[in-house]
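J.: Pasting a structure below so you can have a look.
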Amino acid sequence: MRTAPIAALLCAASTLAGAAEHVRLGTDVLPTRQEVRLKLDPRIDTYGGTVRIELDVRKAGAAVRLHAEEMTITRASFDGVDAAHAAGPDDTIDLTPARPLAAGRAVLVIEFTNEYDRRAVGLYKMAQGDGYLYTQFEAIDARKAFPCFDEPGFKIPWQLTVDIPAGFDAVSNTPETAGPERDGWKEVRFAQTRPLPSYLVALVVGKLGFVPIEGMGVPGRVVTVRGQERLAGVAARMTPALLKAAEGWFGMPYPYEKLDLVAVPEYWPGAMEHPGCITFADGILLLDEASSTPSQRRLLARVNAHELAHMWFGDLVTMAWWDDLWLNESFADWMGDKLADQVYPELQVTLSEMHTTQDTMTADRRAAAQPIRRRILDPNDTVRSVGLVYYKGKSVLGMFERWLGPDRFREGVALYLRENAWKNATSDRLWDALDRTAKSDVSKALATFVDQPGLPLVSVERLGAGRVRLTQQRDARAGADLPALTWRVPVSLRYGSGTSSRVETVLLDGASREVSLGSADVAWVFPSADGTGYYRWAVPGADLDELAAHAGERLSPSERIAFLGNLAALLDAGRIDGARYLKVLAPFGADAEPEVLEAALEGLEKLEVPFLDESTQAGYAAYIRSAFGPALDRVGLTPREGEPASVTSLRPSLLVALGDQGEDERVRRFATEGARSLLRGEATVPPSLMGTVLRLHALDGDAALFAEYKKRFETAKTPAERGRYLVGSGGFRDPAVRAQVLAWALTLRPNEMAALTFAFRGSRSGRDQVFEFVRANFAAILEKAPPLFHASIANVAAGCERDRVEQARRLFADVEGAGQELAKVSEQVEECVALRSRESAAIGAYLRAAR
């Protein structure tokens, strides 16, 4: 699964604390194969079906328990003899045969009726045209669609058959065969799958469009709602090269019979790795050939590569239980970035992902952070914490790949896949494969990052004569009292004199270690070569200034991004003050690499919530114009022919920073003229800037402008156009207009509602208004949002205001999982309050001087 941006925000925290343990089904009775037959009409709200499950009864018994949630069981039988059925705990049913089951083989048949879900989980209905049906089962929502053994350890072949109205289409994991039409219905039978857990079963029904994907070793299609086929070309062209690169890295062909990519209009995960039937949010998969932007193509390449990597990590080899979700997601995200960079280097996927890694390290330093791998009581916890699994997990893998060497690391991964193909596996099997190929205890070092929370702070001190001292402690914000932990850290040092440099990687496996770098003349040391280390670092003040002064000539773009992320961490830790932070940050506004400029903008944005108010606004605006105005002068207001994709992707960020908080009149005029031109239907605004000018134009917009945006949104002909007006609607500042936007959000799709709800939280007044909106509409929001996200809505209390956290505790008191979510929010708020208290004088003085 690859989360969309808003889903990633909502999934940022784990909810392990206080979670109730879900019932596990045990191994006395095992499914070996399941057939599912459904009669589905998207035009109505109910459906019926039958499941036939072949069982291996390991231990004779009087009853069988499996999962079935909120459906009506009309009949159940074992080997043709009726059985009694009753509700069990935790979305299970207990089936009691007429006589106890003997050990051996048995066949269970269940007939049932159900309603389609309407919150984008289970088997759900989307009301568009004559209706569409989609499935989203991870983690435990297959049980919402039909009775099954809904745990990842039950990995079996599936055979699906659906009866659907004539004129409709159906797609699943395997090739389909449509039967003749009778009485307005037709049967579509799908071939039996290879062994799959229930959460990877997929089904789509509706009036669909199909665009073939040429150039793969298996047949494939891009599948859309009918009428959207013209938007499938970019994905159809990108996919074959990505698949070929994956097959090359893994050293084996794609393991399934077909590869369909399905665009889903109402979809919260972003994408999902169903083998043979990968589903995507339509805004990611469907791009207009003529107007797609580099940022959109980068997102598509990255998400597509991530899902293709899952065909091996997660699908071919599946975790035994949700404790090991990182085996799926960390590896897929790490591998997906490698594939996208290999095939489309101009999109700079890995470099762009470094920004999120820096954010992940910030969250991971908190007391409420959880390990990547931990005991899971509630399977939904795995999806709620998936952001940490993605970004910490893949960063740790990249760090260890560098330490071991790419070839040796790949050998270990390949051995793990070969030995566990079509099976379930645990971390121990991966540890064993890596140790055998590396001929060392690499697993013990990896486990210190996977099995415990947090990250190390590595201090580096030059001792002279080419020697340095490395010291580690747990990274924490200033004043935090966290339990001490120790890691086995592959510390990669770039060092040199002048502009020439070398790299040395050493394992810091204790509190401190002295290292000889083999050169008497070590004038500088950068503690995270290539920016790949999952650790923070500290050097003496003079050394930090030296690194900053010569960053452009000595450090690579990835190292400069890591430098800026680390600089913010030093501010949080109280190792530098706010004035020094701003002084060191400002020169990076002139960096030639767009992704470094993005990191500098993010470093500046960090200060807005704690420090921006009426007393600092003018100085802050002047600082932004001084530091980043020259960068806009250099790249220009509009794209230039032949410019790098990274420049095209940077420009919207520069315009927003300068036009919004920077109060740059030139940018405001440009945005107003562009937005008015766009609303007149004139093709004068480049596609990469359409959402940006609409958002900036809305800053001073009124109710009439919002009404126009709303009308354009509702008549949009492409997902990208719909997205532009959604982005634009998040730009209004007038509280009365914001109230209209928020009320409108309640009528939208769940993912769109979440995007607008969180759009106005940049200011204290905006945070207050959004919180009051959530409080006033709490029941309606919970009814609309997928249940998995209910606890995560508590992020509306984030910011710098303690009183709001207390109000949120009362509001979310009865929401499952919200306690741990609010613990993280509370910690973020306390960080903000402490930073404001400690640094407001220094930053205020610096900004007043900048006016």
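Residue numbering restarts at 1 for every chain of the structure tokens, chains are lettered A, B, ... in their displayed order, and ligands are numbered from 1 as they appear.
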Excluding Tyr116 of chain A and its own-chain neighbours fewer than 5 positions away, which residues fall within 6 Å of it when counting only C-alpha atoms? Please give them as a list in words.
T.: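 Result of the neighbour search: Asp45, Thr46, Leu123, Tyr124 and Lys125 of chain A.
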J.: Identify, on the basis of only C-alpha atoms, every residue whose closest approach to Asp613 of chain A does not exceed 10 Å; exclude the query and any residue fewer than 5 positions from it along the same chain; express the result as a list in words.
T.: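 The filter keeps Glu608, Ala618, Tyr620, Ser763 and Arg764 of chain A.
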J.: Selected residues, C-alpha atoms, written as an mmCIF file, in the first residue's frame, please.
T.:
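Output below, filename part.cif:
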```cif
data_model
loop_
_atom_site.group_PDB
_atom_site.id
_atom_site.type_symbol
_atom_site.label_atom_id
_atom_site.label_comp_id
_atom_site.auth_asym_id
_atom_site.auth_seq_id
_atom_site.Cartn_x
_atom_site.Cartn_y
_atom_site.Cartn_z
ATOM 1 C CA GLU A 608 5.644 29.777 11.315
ATOM 2 C CA ALA A 618 6.634 42.117 8.616
ATOM 3 C CA TYR A 620 9.345 37.388 8.458
ATOM 4 C CA SER A 763 -2.504 30.293 11.443
ATOM 5 C CA ARG A 764 -3.845 30.375 15.007
#
```
J.: Extract, using only C-alpha atoms, all DNA, RNA and protein residues at most 12 Å from segment 603-606 of chain A, discarding same-chain residues fewer than 4 positions from it, and format them as a PyMOL selection string.
T.: chain A and resi 355+358-359+362+561-572+578+581-586+588-589+596-599+610-612+620-621+623-624+627-628+653-654+656-658+660-662+762-763+799-800+831-832+835-836+843
J.: Please dump the current selection as an mmCIF file, in the first residue's frame; keep C-alpha atoms.
T.:
```cif
data_model
loop_
_atom_site.group_PDB
_atom_site.id
_atom_site.type_symbol
_atom_site.label_atom_id
_atom_site.label_comp_id
_atom_site.auth_asym_id
_atom_site.auth_seq_id
_atom_site.Cartn_x
_atom_site.Cartn_y
_atom_site.Cartn_z
ATOM 1 C CA HIS A 355 12.346 15.729 2.794
ATOM 2 C CA GLN A 358 13.776 14.366 7.721
ATOM 3 C CA ASP A 359 10.202 14.840 8.987
ATOM 4 C CA THR A 362 11.621 14.566 13.876
ATOM 5 C CA ILE A 561 19.195 18.465 2.346
ATOM 6 C CA ALA A 562 20.348 16.313 5.255
ATOM 7 C CA PHE A 563 22.334 19.276 6.623
ATOM 8 C CA LEU A 564 19.207 21.439 6.682
ATOM 9 C CA GLY A 565 17.080 18.746 8.322
ATOM 10 C CA ASN A 566 19.782 18.263 10.921
ATOM 11 C CA LEU A 567 20.029 22.023 11.457
ATOM 12 C CA ALA A 568 16.353 22.089 12.465
ATOM 13 C CA ALA A 569 16.973 19.180 14.841
ATOM 14 C CA LEU A 570 19.844 21.098 16.469
ATOM 15 C CA LEU A 571 17.459 24.015 17.017
ATOM 16 C CA ASP A 572 14.898 21.717 18.669
ATOM 17 C CA GLY A 578 16.981 30.773 16.691
ATOM 18 C CA TYR A 581 19.397 29.068 12.740
ATOM 19 C CA LEU A 582 18.020 31.845 10.528
ATOM 20 C CA LYS A 583 21.494 33.146 9.761
ATOM 21 C CA VAL A 584 22.755 29.717 8.643
ATOM 22 C CA LEU A 585 19.544 28.939 6.742
ATOM 23 C CA ALA A 586 19.393 32.118 4.637
ATOM 24 C CA PHE A 588 20.682 28.128 1.178
ATOM 25 C CA GLY A 589 18.040 30.238 -0.560
ATOM 26 C CA VAL A 596 17.847 21.914 -1.594
ATOM 27 C CA LEU A 597 15.806 25.088 -2.013
ATOM 28 C CA GLU A 598 12.700 23.058 -1.158
ATOM 29 C CA ALA A 599 14.436 21.884 2.009
ATOM 30 C CA PRO A 610 5.586 28.921 16.980
ATOM 31 C CA PHE A 611 6.742 32.399 16.030
ATOM 32 C CA LEU A 612 4.580 34.054 13.385
ATOM 33 C CA TYR A 620 9.345 37.388 8.458
ATOM 34 C CA ALA A 621 7.984 38.580 5.100
ATOM 35 C CA TYR A 623 13.327 37.663 5.397
ATOM 36 C CA ILE A 624 11.474 35.455 2.891
ATOM 37 C CA ALA A 627 16.396 34.890 1.115
ATOM 38 C CA PHE A 628 14.216 33.457 -1.661
ATOM 39 C CA SER A 653 6.721 26.316 -3.691
ATOM 40 C CA LEU A 654 8.639 29.529 -4.259
ATOM 41 C CA VAL A 656 3.469 30.194 -2.445
ATOM 42 C CA ALA A 657 6.180 31.167 0.061
ATOM 43 C CA LEU A 658 6.755 34.568 -1.497
ATOM 44 C CA ASP A 660 1.595 34.208 0.928
ATOM 45 C CA GLN A 661 3.796 34.833 3.977
ATOM 46 C CA GLY A 662 6.354 36.767 1.912
ATOM 47 C CA GLY A 762 -1.382 27.553 9.056
ATOM 48 C CA SER A 763 -2.504 30.293 11.443
ATOM 49 C CA GLY A 799 -0.138 23.383 16.736
ATOM 50 C CA CYS A 800 1.123 25.466 19.643
ATOM 51 C CA GLU A 831 7.749 21.031 21.731
ATOM 52 C CA CYS A 832 6.271 24.068 20.017
ATOM 53 C CA LEU A 835 10.641 26.331 21.395
ATOM 54 C CA ARG A 836 8.579 29.523 21.416
ATOM 55 C CA ILE A 843 14.072 35.160 16.560
#
```
J.: Counting only C-alpha atoms, which residue out of A:Glu419, A:Glu714, A:Glu187, A:Asp381 sits closest to Glu821 of chain A?
T.: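 Among the listed residues, A:Asp381 lies closest to Glu821 of chain A.
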J.: Rank A:Leu430, A:Val51, A:Arg24, A:Pro456 by their smallest atom-to-atom distance to Trp321 of chain A, using only C-alpha atoms, and report the top residue only.
T.: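 Looking only at the distances to Trp321 of chain A, the closest residue turns out to be A:Arg24.
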